[in-house]
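Here the structure is laid out as structure tokens; the discussion comes afterwards.
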Amino acid sequence: ALPIYKIIKEECGILKQKGECEMTAEVISYLLSQENEKEYLQSQMVLQCAPFLKRIKIAGMFCAKCFDEKICVEVLNNTDICYKLLYKVQGGFQVFLYRKEEFQTYLRRTEVRKFLIAYGYDCEHMENCLNLLGMRLKCYLQKEQLFPHEIGVFLGYPPEDVKAFIKQNGKGAVLCGYWKVYSNIKKAQLQFLMYDMAKVHAVNEYLCGRSVWKIALQNNCFSWYNGEREKEELTI
């Protein structure tokens, strides 16, 4: 059997040959230009949080120029997805998406818990963690403290990479993609490819008229990867 990384790389190669593995400027422009507030919110979730919707990432986060909580509840209805408005400033909102049970379990992982406790987070109480993260982001925007780079761990990035990024001030990475990589390059490359594929699938589904909840439920093509990710037994 081929290693997982080679399988995904070949699959991405096939998609690229079909012209289906890259977001064109026209598609991105269309997604960003939605005037209907509900359609705009859905398009931002799909464009910015596709890997999370497809259960490849433990959490997602998106920025939006407008945000109505009632519409967000409507969009996420029939899913197991929760949201947390981290902060709002003039002209922008930062919204965090997660699945409650999965995220609580993630926060209790030894390496995640150890990392976040060192930064003052109470990993036994998820809401407290998110509230503190939101407060630190607000303080950063008000120029009262440095950017809370630990947010990378909240989004599922490897704690060892986030730790190295902080220690080295973002320098010396061996690979740059969705985050700066300092270790386990092969695994990171696999994840980057999967994130790209998830975005293509999610955007195509959205353009075909599927709502966010249907996109989040349509995960068959990623189920095998999700199982491997959960077991953390990737063969690369």
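Every chain in the structure tokens has a letter given in the order shown (A, B, ...), and although residue numbers restart at 1 in each chain, ligands are simply numbered from 1 in the order shown.
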Exercise. Could you pull the residues within 10 Å of Val174 in chain A, counting only C-alpha atoms, minus those fewer than 2 positions along the same chain, as an MDAnalysis selection string?
Worked result: chainID A and resid 171:172 176 180:185
Report as CSV: every residue of range 74-178 of chain A with an atom at most 12 Å from range 48-53 of chain A, its closest pair of atoms, and their distance in Å to one decimal, counting only C-alpha atoms, with rows sorted by chain and ascending residue number.
residue,atom,partner,partner_atom,distance
A:Leu76,CA,A:Leu53,CA,10.8
A:Thr79,CA,A:Leu53,CA,10.0
A:Asp80,CA,A:Leu53,CA,10.4
A:Ile81,CA,A:Leu53,CA,8.6
A:Cys82,CA,A:Leu53,CA,11.5
A:Gln94,CA,A:Gln48,CA,11.5
A:Val95,CA,A:Cys49,CA,10.5
A:Phe96,CA,A:Cys49,CA,9.6
A:Leu97,CA,A:Phe52,CA,8.1
A:Tyr98,CA,A:Phe52,CA,7.9
A:Arg99,CA,A:Phe52,CA,9.4
A:Glu102,CA,A:Phe52,CA,11.7
A:Phe103,CA,A:Phe52,CA,11.5
A:Leu155,CA,A:Phe52,CA,9.1
A:Gly156,CA,A:Phe52,CA,9.8
A:Tyr178,CA,A:Pro51,CA,11.1
Those residues with N, CA and C atoms, as a PDB file, in the first residue's frame please?
ATOM      1  N   LEU A  76     -25.917  27.712  11.219  1.00  0.00           N
ATOM      2  CA  LEU A  76     -25.331  26.532  11.870  1.00  0.00           C
ATOM      3  C   LEU A  76     -26.377  25.552  12.394  1.00  0.00           C
ATOM      4  N   THR A  79     -26.372  21.441  12.628  1.00  0.00           N
ATOM      5  CA  THR A  79     -24.987  20.968  12.704  1.00  0.00           C
ATOM      6  C   THR A  79     -24.605  20.842  14.182  1.00  0.00           C
ATOM      7  N   ASP A  80     -23.438  20.271  14.444  1.00  0.00           N
ATOM      8  CA  ASP A  80     -22.935  20.212  15.816  1.00  0.00           C
ATOM      9  C   ASP A  80     -21.890  21.299  16.046  1.00  0.00           C
ATOM     10  N   ILE A  81     -21.929  22.319  15.192  1.00  0.00           N
ATOM     11  CA  ILE A  81     -20.934  23.397  15.250  1.00  0.00           C
ATOM     12  C   ILE A  81     -21.392  24.524  16.172  1.00  0.00           C
ATOM     13  N   CYS A  82     -20.495  24.961  17.043  1.00  0.00           N
ATOM     14  CA  CYS A  82     -20.734  26.095  17.935  1.00  0.00           C
ATOM     15  C   CYS A  82     -19.881  27.274  17.464  1.00  0.00           C
ATOM     16  N   GLN A  94     -14.284  38.856  14.513  1.00  0.00           N
ATOM     17  CA  GLN A  94     -13.497  37.627  14.488  1.00  0.00           C
ATOM     18  C   GLN A  94     -14.314  36.547  15.175  1.00  0.00           C
ATOM     19  N   VAL A  95     -14.650  35.479  14.424  1.00  0.00           N
ATOM     20  CA  VAL A  95     -15.525  34.439  14.946  1.00  0.00           C
ATOM     21  C   VAL A  95     -14.807  33.091  14.954  1.00  0.00           C
ATOM     22  N   PHE A  96     -14.907  32.393  16.072  1.00  0.00           N
ATOM     23  CA  PHE A  96     -14.249  31.102  16.266  1.00  0.00           C
ATOM     24  C   PHE A  96     -15.307  30.005  16.165  1.00  0.00           C
ATOM     25  N   LEU A  97     -15.048  28.970  15.359  1.00  0.00           N
ATOM     26  CA  LEU A  97     -15.967  27.849  15.191  1.00  0.00           C
ATOM     27  C   LEU A  97     -15.355  26.578  15.779  1.00  0.00           C
ATOM     28  N   TYR A  98     -16.169  25.771  16.429  1.00  0.00           N
ATOM     29  CA  TYR A  98     -15.678  24.536  17.026  1.00  0.00           C
ATOM     30  C   TYR A  98     -16.854  23.582  17.258  1.00  0.00           C
ATOM     31  N   ARG A  99     -16.521  22.314  17.483  1.00  0.00           N
ATOM     32  CA  ARG A  99     -17.507  21.309  17.879  1.00  0.00           C
ATOM     33  C   ARG A  99     -17.232  20.989  19.341  1.00  0.00           C
ATOM     34  N   GLU A 102     -15.663  17.547  20.709  1.00  0.00           N
ATOM     35  CA  GLU A 102     -14.352  17.298  20.104  1.00  0.00           C
ATOM     36  C   GLU A 102     -13.319  18.298  20.605  1.00  0.00           C
ATOM     37  N   PHE A 103     -13.730  19.559  20.737  1.00  0.00           N
ATOM     38  CA  PHE A 103     -12.782  20.587  21.165  1.00  0.00           C
ATOM     39  C   PHE A 103     -12.411  20.411  22.634  1.00  0.00           C
ATOM     40  N   LEU A 155      -6.304  26.479  17.055  1.00  0.00           N
ATOM     41  CA  LEU A 155      -6.727  26.128  15.697  1.00  0.00           C
ATOM     42  C   LEU A 155      -6.198  24.769  15.245  1.00  0.00           C
ATOM     43  N   GLY A 156      -5.524  24.073  16.151  1.00  0.00           N
ATOM     44  CA  GLY A 156      -5.069  22.728  15.838  1.00  0.00           C
ATOM     45  C   GLY A 156      -3.672  22.621  15.275  1.00  0.00           C
ATOM     46  N   TYR A 178      -0.021  26.968   5.849  1.00  0.00           N
ATOM     47  CA  TYR A 178      -1.094  27.454   6.707  1.00  0.00           C
ATOM     48  C   TYR A 178      -0.551  27.896   8.063  1.00  0.00           C
TER      49      TYR A 178
END
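Of the residues listed (A:Phe93, A:Glu39, A:Lys57, A:Arg109), A:Glu39 shows the shortest atom-to-atom separation from Ile71 in chain A; distances use only C-alpha atoms.
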For this session: Using only C-alpha atoms, pick whichever of A:Lys163, A:Arg108, A:Lys100, A:Gln44 has the shortest atom-to-atom distance to Asp122 in chain A.
Result: A:Arg108
For this session: Find the distance between CA of Arg210 in chain A and CA of Phe192 in chain A and write it in Å to one decimal.
Result: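 Separation between CA of Arg210 in chain A and CA of Phe192 in chain A: 24.3 Å.
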For this session: Return the single residue from A:Ile56, A:Lys70, A:Leu207, A:Leu130 that is closest to Leu85 in chain A, with distances computed using only C-alpha atoms.
Result: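 Ranking A:Ile56, A:Lys70, A:Leu207, A:Leu130 by distance to Leu85 in chain A, first place goes to A:Leu130.
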Problem set entry | Given only C-alpha atoms as the counted atoms, nearest of A:Lys88, A:Arg55, A:His201, A:Lys186 to Lys138 in chain A | A:Lys88
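CA of Ala59 in chain A to CA of Phe154 in chain A spans 7.1 Å [interatomic distance, one decimal].
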In range 116-186 of chain A, DSSP strand (DSSP E or B) residues written as a PDB file with N, CA, C and O atoms, in the first residue's frame:
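Final output, part32.pdb:
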ATOM      1  N   LEU A 175       9.365  25.226   6.584  1.00  0.00           N
ATOM      2  CA  LEU A 175       8.267  25.185   5.613  1.00  0.00           C
ATOM      3  C   LEU A 175       7.210  26.201   6.042  1.00  0.00           C
ATOM      4  O   LEU A 175       6.908  26.329   7.227  1.00  0.00           O
ATOM      5  N   CYS A 176       6.682  26.930   5.071  1.00  0.00           N
ATOM      6  CA  CYS A 176       5.637  27.913   5.354  1.00  0.00           C
ATOM      7  C   CYS A 176       4.382  27.558   4.554  1.00  0.00           C
ATOM      8  O   CYS A 176       4.458  27.336   3.343  1.00  0.00           O
ATOM      9  N   LYS A 180       3.713  28.176  10.101  1.00  0.00           N
ATOM     10  CA  LYS A 180       5.147  27.998   9.910  1.00  0.00           C
ATOM     11  C   LYS A 180       5.573  26.700  10.592  1.00  0.00           C
ATOM     12  O   LYS A 180       5.315  26.508  11.781  1.00  0.00           O
ATOM     13  N   VAL A 181       6.230  25.853   9.825  1.00  0.00           N
ATOM     14  CA  VAL A 181       6.586  24.510  10.288  1.00  0.00           C
ATOM     15  C   VAL A 181       8.049  24.453  10.715  1.00  0.00           C
ATOM     16  O   VAL A 181       8.936  24.918   9.992  1.00  0.00           O
TER      17      VAL A 181
END
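Residues in contact with Leu132 in chain A at 12 Å, where only C-alpha atoms are counted and same-chain residues fewer than 3 positions away are skipped, are listed as Lys84, Leu86, Tyr87, Leu116, Tyr119, Gly120, Tyr121, Asp122, Cys123, His125, Met126, Glu127, Asn128, Cys129, Met135, Arg136, Leu137, Lys138, Cys139, Pro148, Glu150, Ile151 and Phe154 of chain A.
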Problem set entry | Gap from CA of Gln42 in chain A to CA of Lys65 in chain A - Å, one decimal |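 Calculated distance between CA of Gln42 in chain A and CA of Lys65 in chain A is 12.9 Å.
Of the residues listed (A:Ala164, A:Asn169, A:Leu217, A:Ser43), A:Asn169 shows the shortest atom-to-atom separation from Leu146 in chain A; distances use only C-alpha atoms.
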For this session: Could you tell me which of A:Val75, A:Val162, A:Met194, A:Met61 comes closest to Lys214 in chain A if we count only C-alpha atoms?
Result: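 So, comparing all the options, the nearest one is A:Val75.
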